[in-house]
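A.B. asks: You'll find data.txt just under this line, and it carries compact mmCIF, N, CA and C atoms.
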```
# COMPACT_ATOMS: atom_id res chain seq x y z
N MET A 30 -66.76 -6.03 1.77
CA MET A 30 -67.30 -6.32 0.46
C MET A 30 -68.41 -5.31 0.21
N ILE A 31 -68.44 -4.76 -0.99
CA ILE A 31 -69.49 -3.83 -1.40
C ILE A 31 -70.41 -4.56 -2.39
N ILE A 32 -71.69 -4.59 -2.07
CA ILE A 32 -72.68 -5.13 -2.99
C ILE A 32 -73.39 -3.94 -3.62
N THR A 33 -73.38 -3.89 -4.94
CA THR A 33 -74.04 -2.81 -5.67
C THR A 33 -75.25 -3.38 -6.40
N TYR A 34 -76.38 -2.70 -6.21
CA TYR A 34 -77.64 -3.11 -6.82
C TYR A 34 -78.14 -1.95 -7.68
N LYS A 35 -78.21 -2.16 -8.99
CA LYS A 35 -78.76 -1.14 -9.89
C LYS A 35 -80.27 -1.22 -9.83
N GLN A 36 -80.87 -0.17 -9.29
CA GLN A 36 -82.31 -0.14 -9.07
C GLN A 36 -83.06 0.20 -10.36
N ASP A 37 -84.37 0.05 -10.31
CA ASP A 37 -85.21 0.29 -11.49
C ASP A 37 -85.05 1.71 -12.03
N ASP A 38 -84.82 2.68 -11.15
CA ASP A 38 -84.69 4.08 -11.59
C ASP A 38 -83.29 4.42 -12.10
N GLY A 39 -82.40 3.42 -12.15
CA GLY A 39 -81.05 3.64 -12.65
C GLY A 39 -80.04 4.00 -11.57
N SER A 40 -80.51 4.33 -10.39
CA SER A 40 -79.58 4.65 -9.30
C SER A 40 -78.97 3.36 -8.76
N ALA A 41 -77.86 3.51 -8.06
CA ALA A 41 -77.18 2.35 -7.51
C ALA A 41 -77.24 2.37 -5.99
N LEU A 42 -77.71 1.29 -5.43
CA LEU A 42 -77.69 1.09 -3.99
C LEU A 42 -76.41 0.33 -3.68
N ARG A 43 -75.58 0.91 -2.81
CA ARG A 43 -74.30 0.29 -2.46
C ARG A 43 -74.33 -0.07 -0.98
N LEU A 44 -74.09 -1.35 -0.70
CA LEU A 44 -74.12 -1.84 0.67
C LEU A 44 -72.79 -2.51 1.00
N SER A 45 -72.25 -2.17 2.15
CA SER A 45 -71.03 -2.80 2.61
C SER A 45 -71.38 -3.89 3.61
N THR A 46 -70.75 -5.04 3.46
CA THR A 46 -70.98 -6.10 4.44
C THR A 46 -70.45 -5.69 5.81
N ASP A 47 -69.57 -4.71 5.85
CA ASP A 47 -69.08 -4.20 7.13
C ASP A 47 -70.19 -3.53 7.94
N SER A 48 -71.26 -3.11 7.26
CA SER A 48 -72.35 -2.45 7.98
C SER A 48 -73.35 -3.44 8.56
N LEU A 49 -73.20 -4.72 8.26
CA LEU A 49 -74.10 -5.73 8.81
C LEU A 49 -73.84 -5.94 10.29
N SER A 50 -74.90 -6.16 11.04
CA SER A 50 -74.73 -6.52 12.44
C SER A 50 -74.43 -8.02 12.52
N ALA A 51 -74.01 -8.46 13.70
CA ALA A 51 -73.75 -9.89 13.89
C ALA A 51 -75.02 -10.70 13.70
N ILE A 52 -76.14 -10.16 14.14
CA ILE A 52 -77.42 -10.86 13.98
C ILE A 52 -77.79 -10.96 12.50
N GLU A 53 -77.57 -9.87 11.75
CA GLU A 53 -77.87 -9.91 10.31
C GLU A 53 -76.98 -10.92 9.60
N ALA A 54 -75.71 -10.97 9.96
CA ALA A 54 -74.80 -11.95 9.35
C ALA A 54 -75.26 -13.37 9.68
N ALA A 55 -75.70 -13.58 10.92
CA ALA A 55 -76.21 -14.90 11.32
C ALA A 55 -77.47 -15.25 10.55
N ASP A 56 -78.34 -14.26 10.34
CA ASP A 56 -79.55 -14.49 9.54
C ASP A 56 -79.19 -14.89 8.12
N ILE A 57 -78.18 -14.25 7.56
CA ILE A 57 -77.74 -14.59 6.20
C ILE A 57 -77.20 -16.02 6.18
N GLU A 58 -76.38 -16.37 7.18
CA GLU A 58 -75.87 -17.75 7.26
C GLU A 58 -77.03 -18.75 7.31
N GLU A 59 -78.04 -18.43 8.11
CA GLU A 59 -79.18 -19.33 8.28
C GLU A 59 -79.96 -19.51 6.98
N VAL A 60 -80.30 -18.40 6.30
CA VAL A 60 -81.11 -18.52 5.07
C VAL A 60 -80.32 -19.16 3.94
N MET A 61 -78.99 -19.18 4.07
CA MET A 61 -78.17 -19.83 3.06
C MET A 61 -77.83 -21.27 3.45
N GLY A 62 -78.61 -21.82 4.38
CA GLY A 62 -78.46 -23.23 4.72
C GLY A 62 -77.40 -23.51 5.77
N GLY A 63 -77.09 -22.54 6.61
CA GLY A 63 -76.10 -22.76 7.66
C GLY A 63 -74.66 -22.63 7.21
N ILE A 64 -74.46 -22.02 6.06
CA ILE A 64 -73.10 -21.83 5.54
C ILE A 64 -72.36 -20.82 6.41
N PRO A 65 -71.12 -21.09 6.82
CA PRO A 65 -70.35 -20.14 7.62
C PRO A 65 -70.07 -18.85 6.84
N TRP A 66 -69.93 -17.75 7.58
CA TRP A 66 -69.73 -16.43 6.96
C TRP A 66 -68.52 -16.41 6.03
N ARG A 67 -67.42 -17.06 6.41
CA ARG A 67 -66.23 -17.04 5.55
C ARG A 67 -66.52 -17.65 4.17
N VAL A 68 -67.40 -18.64 4.12
CA VAL A 68 -67.79 -19.25 2.84
C VAL A 68 -68.70 -18.30 2.07
N ILE A 69 -69.57 -17.61 2.79
CA ILE A 69 -70.43 -16.61 2.14
C ILE A 69 -69.58 -15.52 1.51
N GLU A 70 -68.54 -15.06 2.22
CA GLU A 70 -67.63 -14.06 1.65
C GLU A 70 -66.98 -14.57 0.38
N ASP A 71 -66.55 -15.85 0.38
CA ASP A 71 -65.97 -16.44 -0.83
C ASP A 71 -66.98 -16.45 -1.96
N ARG A 72 -68.23 -16.77 -1.65
CA ARG A 72 -69.28 -16.78 -2.66
C ARG A 72 -69.56 -15.38 -3.20
N LEU A 73 -69.50 -14.38 -2.31
CA LEU A 73 -69.67 -13.00 -2.76
C LEU A 73 -68.56 -12.62 -3.74
N ARG A 74 -67.32 -12.99 -3.41
CA ARG A 74 -66.21 -12.70 -4.33
C ARG A 74 -66.43 -13.39 -5.68
N GLY A 75 -67.11 -14.54 -5.66
CA GLY A 75 -67.41 -15.28 -6.88
C GLY A 75 -68.69 -14.83 -7.57
N GLN A 76 -69.29 -13.72 -7.09
CA GLN A 76 -70.50 -13.13 -7.68
C GLN A 76 -71.71 -14.06 -7.57
N ASP A 77 -71.78 -14.85 -6.50
CA ASP A 77 -72.89 -15.76 -6.28
C ASP A 77 -74.18 -14.97 -6.08
N PRO A 78 -75.20 -15.21 -6.91
CA PRO A 78 -76.43 -14.41 -6.81
C PRO A 78 -77.18 -14.61 -5.49
N THR A 79 -77.14 -15.80 -4.94
CA THR A 79 -77.85 -16.03 -3.68
C THR A 79 -77.19 -15.27 -2.54
N ALA A 80 -75.88 -15.26 -2.50
CA ALA A 80 -75.17 -14.52 -1.46
C ALA A 80 -75.41 -13.02 -1.59
N MET A 81 -75.36 -12.49 -2.80
CA MET A 81 -75.61 -11.06 -2.99
C MET A 81 -77.05 -10.72 -2.62
N ARG A 82 -77.98 -11.56 -3.03
CA ARG A 82 -79.39 -11.36 -2.70
C ARG A 82 -79.60 -11.39 -1.19
N ALA A 83 -78.89 -12.27 -0.50
CA ALA A 83 -79.03 -12.38 0.96
C ALA A 83 -78.58 -11.10 1.66
N VAL A 84 -77.51 -10.48 1.17
CA VAL A 84 -77.06 -9.22 1.77
C VAL A 84 -78.10 -8.13 1.53
N LEU A 85 -78.65 -8.06 0.33
CA LEU A 85 -79.70 -7.09 0.04
C LEU A 85 -80.93 -7.34 0.90
N TRP A 86 -81.29 -8.60 1.04
CA TRP A 86 -82.45 -8.96 1.86
C TRP A 86 -82.26 -8.52 3.31
N ALA A 87 -81.07 -8.79 3.87
CA ALA A 87 -80.80 -8.40 5.26
C ALA A 87 -80.92 -6.89 5.43
N ASN A 88 -80.46 -6.15 4.45
CA ASN A 88 -80.58 -4.69 4.51
C ASN A 88 -82.04 -4.26 4.45
N ARG A 89 -82.79 -4.87 3.56
CA ARG A 89 -84.19 -4.49 3.40
C ARG A 89 -85.04 -4.88 4.61
N LYS A 90 -84.64 -5.95 5.31
CA LYS A 90 -85.37 -6.38 6.51
C LYS A 90 -85.29 -5.33 7.62
N ARG A 91 -84.35 -4.42 7.52
CA ARG A 91 -84.25 -3.36 8.52
C ARG A 91 -85.52 -2.51 8.52
N THR A 92 -86.10 -2.32 7.34
CA THR A 92 -87.32 -1.51 7.23
C THR A 92 -88.58 -2.36 7.02
N GLU A 93 -88.37 -3.63 6.63
CA GLU A 93 -89.49 -4.56 6.43
C GLU A 93 -89.22 -5.86 7.20
N PRO A 94 -89.34 -5.84 8.53
CA PRO A 94 -88.95 -6.99 9.35
C PRO A 94 -89.64 -8.30 9.01
N GLU A 95 -90.80 -8.25 8.39
CA GLU A 95 -91.53 -9.49 8.08
C GLU A 95 -91.13 -10.09 6.72
N LEU A 96 -90.26 -9.43 5.98
CA LEU A 96 -89.86 -9.91 4.65
C LEU A 96 -89.15 -11.25 4.76
N LYS A 97 -89.66 -12.23 4.03
CA LYS A 97 -89.06 -13.56 4.01
C LYS A 97 -88.04 -13.63 2.88
N PHE A 98 -86.93 -14.31 3.14
CA PHE A 98 -85.89 -14.47 2.13
C PHE A 98 -86.45 -15.16 0.89
N SER A 99 -87.30 -16.16 1.09
CA SER A 99 -87.86 -16.90 -0.05
C SER A 99 -88.75 -16.02 -0.93
N ASP A 100 -89.24 -14.92 -0.39
CA ASP A 100 -90.10 -14.01 -1.16
C ASP A 100 -89.31 -12.87 -1.81
N TYR A 101 -88.04 -12.74 -1.48
CA TYR A 101 -87.25 -11.61 -1.98
C TYR A 101 -86.46 -12.05 -3.20
N ASP A 102 -86.70 -11.38 -4.32
CA ASP A 102 -86.03 -11.74 -5.56
C ASP A 102 -85.39 -10.51 -6.18
N VAL A 103 -84.43 -10.73 -7.06
CA VAL A 103 -83.76 -9.65 -7.79
C VAL A 103 -83.80 -10.02 -9.27
N PRO A 104 -84.88 -9.63 -9.96
CA PRO A 104 -84.96 -9.92 -11.40
C PRO A 104 -83.80 -9.26 -12.15
N GLY A 105 -83.29 -9.96 -13.12
CA GLY A 105 -82.18 -9.42 -13.92
C GLY A 105 -80.90 -9.28 -13.13
N TRP A 106 -80.67 -10.17 -12.17
CA TRP A 106 -79.54 -10.04 -11.25
C TRP A 106 -78.21 -9.95 -11.98
N ARG A 107 -78.03 -10.61 -13.09
CA ARG A 107 -76.73 -10.60 -13.79
C ARG A 107 -76.28 -9.19 -14.18
N ARG A 108 -77.23 -8.35 -14.55
CA ARG A 108 -76.87 -7.00 -14.96
C ARG A 108 -77.07 -5.99 -13.84
N ARG A 109 -77.68 -6.41 -12.74
CA ARG A 109 -78.02 -5.47 -11.68
C ARG A 109 -77.18 -5.62 -10.40
N LEU A 110 -76.54 -6.77 -10.21
CA LEU A 110 -75.81 -7.01 -8.97
C LEU A 110 -74.32 -7.23 -9.22
N THR A 111 -73.50 -6.63 -8.38
CA THR A 111 -72.06 -6.91 -8.38
C THR A 111 -71.57 -6.90 -6.93
N ALA A 112 -70.53 -7.64 -6.69
CA ALA A 112 -69.86 -7.63 -5.39
C ALA A 112 -68.40 -7.29 -5.66
N ARG A 113 -67.88 -6.34 -4.89
CA ARG A 113 -66.49 -5.90 -5.06
C ARG A 113 -65.83 -5.79 -3.69
N ILE A 114 -64.53 -5.99 -3.66
CA ILE A 114 -63.81 -5.91 -2.39
C ILE A 114 -63.45 -4.47 -2.06
N GLU A 115 -63.33 -4.22 -0.76
CA GLU A 115 -63.01 -2.88 -0.26
C GLU A 115 -61.53 -2.80 0.10
N ARG A 116 -61.09 -1.59 0.42
CA ARG A 116 -59.67 -1.35 0.72
C ARG A 116 -59.16 -2.27 1.84
N ALA A 117 -59.90 -2.47 2.89
CA ALA A 117 -59.43 -3.31 4.00
C ALA A 117 -59.15 -4.74 3.51
N GLU A 118 -59.98 -5.25 2.61
CA GLU A 118 -59.78 -6.59 2.07
C GLU A 118 -58.56 -6.63 1.15
N ILE A 119 -58.35 -5.56 0.40
CA ILE A 119 -57.16 -5.47 -0.45
C ILE A 119 -55.92 -5.47 0.43
N ASP A 120 -55.95 -4.70 1.52
CA ASP A 120 -54.83 -4.67 2.45
C ASP A 120 -54.55 -6.06 3.01
N ASP A 121 -55.59 -6.80 3.40
CA ASP A 121 -55.41 -8.14 3.95
C ASP A 121 -54.73 -9.06 2.95
N VAL A 122 -55.19 -9.04 1.70
CA VAL A 122 -54.60 -9.91 0.68
C VAL A 122 -53.15 -9.53 0.44
N LEU A 123 -52.88 -8.23 0.31
CA LEU A 123 -51.51 -7.80 0.05
C LEU A 123 -50.59 -8.06 1.24
N ASP A 124 -51.10 -7.89 2.45
CA ASP A 124 -50.29 -8.21 3.64
C ASP A 124 -49.82 -9.66 3.60
N GLN A 125 -50.75 -10.56 3.26
CA GLN A 125 -50.38 -11.98 3.20
C GLN A 125 -49.40 -12.23 2.05
N LEU A 126 -49.64 -11.60 0.90
CA LEU A 126 -48.73 -11.78 -0.23
C LEU A 126 -47.34 -11.24 0.07
N VAL A 127 -47.29 -10.09 0.75
CA VAL A 127 -45.99 -9.51 1.09
C VAL A 127 -45.24 -10.42 2.06
N ALA A 128 -45.95 -10.95 3.04
CA ALA A 128 -45.30 -11.88 3.97
C ALA A 128 -44.72 -13.08 3.22
N ASP A 129 -45.50 -13.61 2.26
CA ASP A 129 -45.02 -14.73 1.45
C ASP A 129 -43.86 -14.30 0.56
N ALA A 130 -43.97 -13.10 -0.03
CA ALA A 130 -42.92 -12.60 -0.93
C ALA A 130 -41.63 -12.33 -0.17
N LEU A 131 -41.74 -11.77 1.03
CA LEU A 131 -40.54 -11.51 1.83
C LEU A 131 -39.84 -12.81 2.21
N ALA A 132 -40.64 -13.84 2.46
CA ALA A 132 -40.06 -15.14 2.81
C ALA A 132 -39.26 -15.71 1.65
N SER A 133 -39.67 -15.39 0.43
CA SER A 133 -38.96 -15.91 -0.74
C SER A 133 -38.18 -14.82 -1.48
N SER A 134 -38.17 -13.59 -0.92
CA SER A 134 -37.43 -12.45 -1.50
C SER A 134 -37.81 -12.14 -2.94
N GLU A 135 -39.10 -12.22 -3.26
CA GLU A 135 -39.52 -11.86 -4.61
C GLU A 135 -40.91 -11.22 -4.61
N ASP A 136 -41.17 -10.42 -5.63
CA ASP A 136 -42.45 -9.73 -5.78
C ASP A 136 -43.39 -10.44 -6.75
N SER A 137 -42.98 -11.57 -7.29
CA SER A 137 -43.77 -12.21 -8.35
C SER A 137 -45.16 -12.62 -7.87
N ALA A 138 -45.28 -13.08 -6.63
CA ALA A 138 -46.60 -13.48 -6.12
C ALA A 138 -47.54 -12.28 -6.05
N ILE A 139 -47.02 -11.14 -5.62
CA ILE A 139 -47.82 -9.92 -5.55
C ILE A 139 -48.21 -9.50 -6.96
N ASP A 140 -47.23 -9.46 -7.85
CA ASP A 140 -47.46 -9.04 -9.22
C ASP A 140 -48.50 -9.93 -9.91
N ALA A 141 -48.47 -11.22 -9.62
CA ALA A 141 -49.42 -12.15 -10.24
C ALA A 141 -50.84 -11.93 -9.72
N MET A 142 -50.99 -11.46 -8.48
CA MET A 142 -52.30 -11.26 -7.88
C MET A 142 -52.92 -9.92 -8.26
N LEU A 143 -52.12 -8.96 -8.71
CA LEU A 143 -52.62 -7.61 -8.96
C LEU A 143 -53.77 -7.53 -9.97
N PRO A 144 -53.72 -8.23 -11.10
CA PRO A 144 -54.87 -8.15 -12.02
C PRO A 144 -56.18 -8.62 -11.37
N HIS A 145 -56.09 -9.66 -10.57
CA HIS A 145 -57.28 -10.18 -9.87
C HIS A 145 -57.79 -9.15 -8.86
N LEU A 146 -56.88 -8.55 -8.10
CA LEU A 146 -57.29 -7.54 -7.12
C LEU A 146 -57.92 -6.34 -7.80
N ARG A 147 -57.34 -5.91 -8.91
CA ARG A 147 -57.89 -4.75 -9.63
C ARG A 147 -59.30 -5.05 -10.15
N LYS A 148 -59.52 -6.27 -10.60
CA LYS A 148 -60.84 -6.64 -11.12
C LYS A 148 -61.88 -6.67 -10.00
N LEU A 149 -61.50 -7.16 -8.83
CA LEU A 149 -62.43 -7.29 -7.72
C LEU A 149 -62.60 -6.01 -6.91
N ALA A 150 -61.67 -5.07 -7.04
CA ALA A 150 -61.70 -3.86 -6.21
C ALA A 150 -62.88 -2.97 -6.54
N ASP A 151 -63.51 -2.47 -5.51
CA ASP A 151 -64.58 -1.48 -5.69
C ASP A 151 -63.98 -0.20 -6.27
N ASP A 152 -62.81 0.19 -5.78
CA ASP A 152 -62.09 1.36 -6.27
C ASP A 152 -60.68 0.90 -6.60
N GLN A 153 -60.33 0.86 -7.88
CA GLN A 153 -59.03 0.33 -8.29
C GLN A 153 -57.86 1.14 -7.74
N ALA A 154 -58.09 2.41 -7.44
CA ALA A 154 -57.03 3.23 -6.85
C ALA A 154 -56.65 2.70 -5.46
N ASP A 155 -57.55 1.97 -4.82
CA ASP A 155 -57.23 1.38 -3.52
C ASP A 155 -56.10 0.37 -3.63
N VAL A 156 -56.01 -0.33 -4.76
CA VAL A 156 -54.93 -1.30 -4.95
C VAL A 156 -53.59 -0.57 -4.98
N ASP A 157 -53.51 0.52 -5.75
CA ASP A 157 -52.27 1.29 -5.81
C ASP A 157 -51.93 1.89 -4.45
N ALA A 158 -52.93 2.40 -3.75
CA ALA A 158 -52.69 2.98 -2.43
C ALA A 158 -52.19 1.92 -1.45
N ALA A 159 -52.76 0.73 -1.53
CA ALA A 159 -52.33 -0.36 -0.66
C ALA A 159 -50.89 -0.77 -0.97
N LEU A 160 -50.55 -0.81 -2.27
CA LEU A 160 -49.16 -1.12 -2.65
C LEU A 160 -48.21 -0.06 -2.10
N ASP A 161 -48.58 1.21 -2.24
CA ASP A 161 -47.75 2.29 -1.71
C ASP A 161 -47.57 2.14 -0.20
N ALA A 162 -48.66 1.81 0.51
CA ALA A 162 -48.62 1.68 1.96
C ALA A 162 -47.69 0.54 2.40
N LEU A 163 -47.57 -0.47 1.55
CA LEU A 163 -46.70 -1.61 1.86
C LEU A 163 -45.26 -1.40 1.41
N GLY A 164 -44.99 -0.24 0.78
CA GLY A 164 -43.65 -0.02 0.25
C GLY A 164 -43.41 -0.75 -1.05
N LYS A 165 -44.49 -1.10 -1.73
CA LYS A 165 -44.39 -1.83 -3.01
C LYS A 165 -44.93 -0.98 -4.16
N GLY A 166 -44.80 0.33 -4.06
CA GLY A 166 -45.29 1.24 -5.11
C GLY A 166 -44.64 1.00 -6.45
N HIS A 167 -43.46 0.39 -6.45
CA HIS A 167 -42.79 0.10 -7.73
C HIS A 167 -43.58 -0.91 -8.57
N LEU A 168 -44.58 -1.58 -7.98
CA LEU A 168 -45.40 -2.53 -8.73
C LEU A 168 -46.64 -1.90 -9.35
N VAL A 169 -46.86 -0.60 -9.11
CA VAL A 169 -48.02 0.09 -9.66
C VAL A 169 -47.85 0.25 -11.17
N GLN A 170 -48.87 -0.17 -11.92
CA GLN A 170 -48.82 -0.08 -13.38
C GLN A 170 -48.74 1.38 -13.84
N GLY A 171 -47.91 1.62 -14.82
CA GLY A 171 -47.85 2.94 -15.45
C GLY A 171 -46.98 3.95 -14.73
N ARG A 172 -46.45 3.62 -13.60
CA ARG A 172 -45.55 4.52 -12.87
C ARG A 172 -44.17 4.47 -13.48
N ALA A 173 -43.52 5.58 -13.52
CA ALA A 173 -42.18 5.64 -14.13
C ALA A 173 -41.21 4.67 -13.46
N ASP A 174 -41.33 4.49 -12.15
CA ASP A 174 -40.41 3.58 -11.44
C ASP A 174 -40.98 2.17 -11.30
N SER A 175 -42.06 1.90 -12.04
CA SER A 175 -42.75 0.62 -11.93
C SER A 175 -42.04 -0.45 -12.74
N GLU A 176 -42.03 -1.65 -12.18
CA GLU A 176 -41.52 -2.81 -12.90
C GLU A 176 -42.65 -3.51 -13.64
N ALA A 177 -43.89 -3.16 -13.28
CA ALA A 177 -45.07 -3.85 -13.85
C ALA A 177 -45.38 -3.36 -15.22
```
Is it possible to give me this structure as structure tokens?
C.D. replies:
Amino acid sequence: MIITYKQDDGSALRLSTDSLSAIEAADIEEVMGGIPWRVIEDRLRGQDPTAMRAVLWANRKRTEPELKFSDYDVPGWRRRLTARIERAEIDDVLDQLVADALASSEDSAIDAMLPHLRKLADDQADVDAALDALGKGHLVQGRADSEA
């Protein structure tokens, strides 16, 4: 998951949850009331401000170890914070969809999920690349051989 924070100077700080250490992830779970990491990931996908703030806080604690979560705020979070999925997460979703689609011999489940994946993707080209990697390039929008 990529958390993007638009800073005061207009630049964007981009943080991947993949760069978190196990201790940092545990700290995030703790400050969020003991919520398991898988639930935090779901909240990030849902653009939960507390989850996004917690990832930013964990990153900032690397240089400011005494920073308390309760003291760390992100004013204007609605316009400044976003969470987007990365290629590995797109691959995971499509792998599961393909397994389900192969079991029923249809692409409809994959096709139905594509708009959601494109919206959540940090880089929308990753969705097309993941489809190509799965042998489902015919589902790529706008391609001459596409059914989509």
A.B. asks: Rank nothing, just name the residue among A:Leu163, A:Leu96, A:Ala150, A:Ala55 nearest to A:Leu123, using all atoms listed in the file.
C.D. replies: A:Leu163
A.B. asks: Using 3 Å of padding on each side, determine the axis-aligned box around all atoms of stretch 44-63 of chain A present in the file and give its centre and edge lengths in Å to one decimal, as JSON.
C.D. replies:
```
{"center_x": -75.1, "center_y": -12.4, "center_z": 6.7, "size_x": 18.0, "size_y": 28.2, "size_z": 20.8}
```
A.B. asks: Nearest to A:Asp152 among A:Arg116, A:Gly171, A:Ile139, A:Pro65, with distances taken over all atoms listed in the file: which residue is it?
C.D. replies: A:Arg116
A.B. asks: Set the distance at 6.5 Å and use only N, CA and C atoms: which residues neighbour A:Leu44 once local chain neighbours fewer than 2 positions away are removed? I'd like the list as a list in words.
C.D. replies: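 Residues near the query, excluding close chain neighbours: Met30, Ile31, Ile32, Thr33, Tyr34, Leu42, Thr46, Asp47 and Ser48 of chain A.
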A.B. asks: List every residue of chain A that DSSP, applied to the backbone of this structure, places in helix (DSSP H, G or I), and write the result as an MDAnalysis selection string.
C.D. replies: chainID A and resid 46:48 51:60 66:74 78:89 98:100 106:109 116:133 137:149 154:162 166:168
A.B. asks: Please extract the residues of stretch 74-140 of chain A with a backbone DSSP assignment of strand (DSSP E) and present them as a PyMOL selection string.
C.D. replies: chain A and resi 110-113
A.B. asks: Expressed in Å to a single decimal, how great is the separation between atom N of A:Ala117 and atom C of A:Glu53?
C.D. replies: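 It comes out at 20.2 Å.
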A.B. asks: What's the separation between atom N of A:Arg108 and atom C of A:Val84, in Å to one decimal place?
C.D. replies: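 These two atoms are separated by 16.1 Å.
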A.B. asks: Could you tell me how far atom CA of A:Val68 sits from atom CA of A:Ala83, in Å to one decimal place?
C.D. replies: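 Atom-to-atom, atom CA of A:Ala83 and atom CA of A:Val68 are spaced 13.3 Å apart.
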A.B. asks: Check the smallest atom-to-atom distance from each of A:Ala128, A:Leu149, A:Leu168, A:Ile69 to A:Arg113 using only N, CA and C atoms, then report the winner.
C.D. replies: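 Looking only at the distances to A:Arg113, the closest residue turns out to be A:Leu149.
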A.B. asks: Find, counting only C-alpha atoms, the residue in A:Asp71, A:Asp136, A:Asp151, A:Glu59 that gets nearest to A:Val169.
C.D. replies: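 The closest residue to A:Val169 is A:Asp136.
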A.B. asks: Would you mind listing what lies within 12 Å of stretch 97-104 of chain A as a VMD selection string, with only C-alpha atoms counted and same-chain residues fewer than 4 positions away left out?
C.D. replies: chain A and resid 34 to 37 56 to 62 78 to 90 93 108 to 110
A.B. asks: What's around stretch 159-161 of chain A at 8 Å? Count only N, CA and C atoms, leave out sequence neighbours fewer than 3 positions away in its own chain, and write the answer as a PyMOL selection string.
C.D. replies: chain A and resi 116+119-120+123-124+154-156+164-169
A.B. asks: Mind writing the picked residues with N, CA and C atoms as a PDB file, in the coordinates of the input?
C.D. replies:
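Output below, filename out_24.pdb:
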```pdb
ATOM      1  N   ARG A 116     -61.090  -1.590   0.420  1.00  0.00           N
ATOM      2  CA  ARG A 116     -59.670  -1.350   0.720  1.00  0.00           C
ATOM      3  C   ARG A 116     -59.160  -2.270   1.840  1.00  0.00           C
ATOM      4  N   ILE A 119     -58.350  -5.560   0.400  1.00  0.00           N
ATOM      5  CA  ILE A 119     -57.160  -5.470  -0.450  1.00  0.00           C
ATOM      6  C   ILE A 119     -55.920  -5.470   0.430  1.00  0.00           C
ATOM      7  N   ASP A 120     -55.950  -4.700   1.520  1.00  0.00           N
ATOM      8  CA  ASP A 120     -54.830  -4.670   2.450  1.00  0.00           C
ATOM      9  C   ASP A 120     -54.550  -6.060   3.010  1.00  0.00           C
ATOM     10  N   LEU A 123     -52.880  -8.230   0.310  1.00  0.00           N
ATOM     11  CA  LEU A 123     -51.510  -7.800   0.050  1.00  0.00           C
ATOM     12  C   LEU A 123     -50.590  -8.060   1.240  1.00  0.00           C
ATOM     13  N   ASP A 124     -51.100  -7.890   2.450  1.00  0.00           N
ATOM     14  CA  ASP A 124     -50.290  -8.210   3.640  1.00  0.00           C
ATOM     15  C   ASP A 124     -49.820  -9.660   3.600  1.00  0.00           C
ATOM     16  N   ALA A 154     -58.090   2.410  -7.440  1.00  0.00           N
ATOM     17  CA  ALA A 154     -57.030   3.230  -6.850  1.00  0.00           C
ATOM     18  C   ALA A 154     -56.650   2.700  -5.460  1.00  0.00           C
ATOM     19  N   ASP A 155     -57.550   1.970  -4.820  1.00  0.00           N
ATOM     20  CA  ASP A 155     -57.230   1.380  -3.520  1.00  0.00           C
ATOM     21  C   ASP A 155     -56.100   0.370  -3.630  1.00  0.00           C
ATOM     22  N   VAL A 156     -56.010  -0.330  -4.760  1.00  0.00           N
ATOM     23  CA  VAL A 156     -54.930  -1.300  -4.950  1.00  0.00           C
ATOM     24  C   VAL A 156     -53.590  -0.570  -4.980  1.00  0.00           C
ATOM     25  N   GLY A 164     -44.990  -0.240   0.780  1.00  0.00           N
ATOM     26  CA  GLY A 164     -43.650  -0.020   0.250  1.00  0.00           C
ATOM     27  C   GLY A 164     -43.410  -0.750  -1.050  1.00  0.00           C
ATOM     28  N   LYS A 165     -44.490  -1.100  -1.730  1.00  0.00           N
ATOM     29  CA  LYS A 165     -44.390  -1.830  -3.010  1.00  0.00           C
ATOM     30  C   LYS A 165     -44.930  -0.980  -4.160  1.00  0.00           C
ATOM     31  N   GLY A 166     -44.800   0.330  -4.060  1.00  0.00           N
ATOM     32  CA  GLY A 166     -45.290   1.240  -5.110  1.00  0.00           C
ATOM     33  C   GLY A 166     -44.640   1.000  -6.450  1.00  0.00           C
ATOM     34  N   HIS A 167     -43.460   0.390  -6.450  1.00  0.00           N
ATOM     35  CA  HIS A 167     -42.790   0.100  -7.730  1.00  0.00           C
ATOM     36  C   HIS A 167     -43.580  -0.910  -8.570  1.00  0.00           C
ATOM     37  N   LEU A 168     -44.580  -1.580  -7.980  1.00  0.00           N
ATOM     38  CA  LEU A 168     -45.400  -2.530  -8.730  1.00  0.00           C
ATOM     39  C   LEU A 168     -46.640  -1.900  -9.350  1.00  0.00           C
ATOM     40  N   VAL A 169     -46.860  -0.600  -9.110  1.00  0.00           N
ATOM     41  CA  VAL A 169     -48.020   0.090  -9.660  1.00  0.00           C
ATOM     42  C   VAL A 169     -47.850   0.250 -11.170  1.00  0.00           C
TER      43      VAL A 169
END
```
A.B. asks: Model the absent atoms of stretch 38-42 of chain A so that N, CA, C and O atoms are present, and write the result as a JSON list (two decimals), keeping the file's coordinate frame.
C.D. replies:
```json
[["chain", "number", "residue", "atom", "x", "y", "z"],
["A", 38, "ASP", "N", -84.82, 2.68, -11.15],
["A", 38, "ASP", "CA", -84.69, 4.08, -11.59],
["A", 38, "ASP", "C", -83.29, 4.42, -12.10],
["A", 38, "ASP", "O", -83.02, 5.56, -12.43],
["A", 39, "GLY", "N", -82.40, 3.42, -12.15],
["A", 39, "GLY", "CA", -81.05, 3.64, -12.65],
["A", 39, "GLY", "C", -80.04, 4.00, -11.57],
["A", 39, "GLY", "O", -78.84, 3.97, -11.81],
["A", 40, "SER", "N", -80.51, 4.33, -10.39],
["A", 40, "SER", "CA", -79.58, 4.65, -9.30],
["A", 40, "SER", "C", -78.97, 3.36, -8.76],
["A", 40, "SER", "O", -79.49, 2.27, -8.97],
["A", 41, "ALA", "N", -77.86, 3.51, -8.06],
["A", 41, "ALA", "CA", -77.18, 2.35, -7.51],
["A", 41, "ALA", "C", -77.24, 2.37, -5.99],
["A", 41, "ALA", "O", -76.86, 3.36, -5.36],
["A", 42, "LEU", "N", -77.71, 1.29, -5.43],
["A", 42, "LEU", "CA", -77.69, 1.09, -3.99],
["A", 42, "LEU", "C", -76.41, 0.33, -3.68],
["A", 42, "LEU", "O", -76.18, -0.74, -4.24]]
```
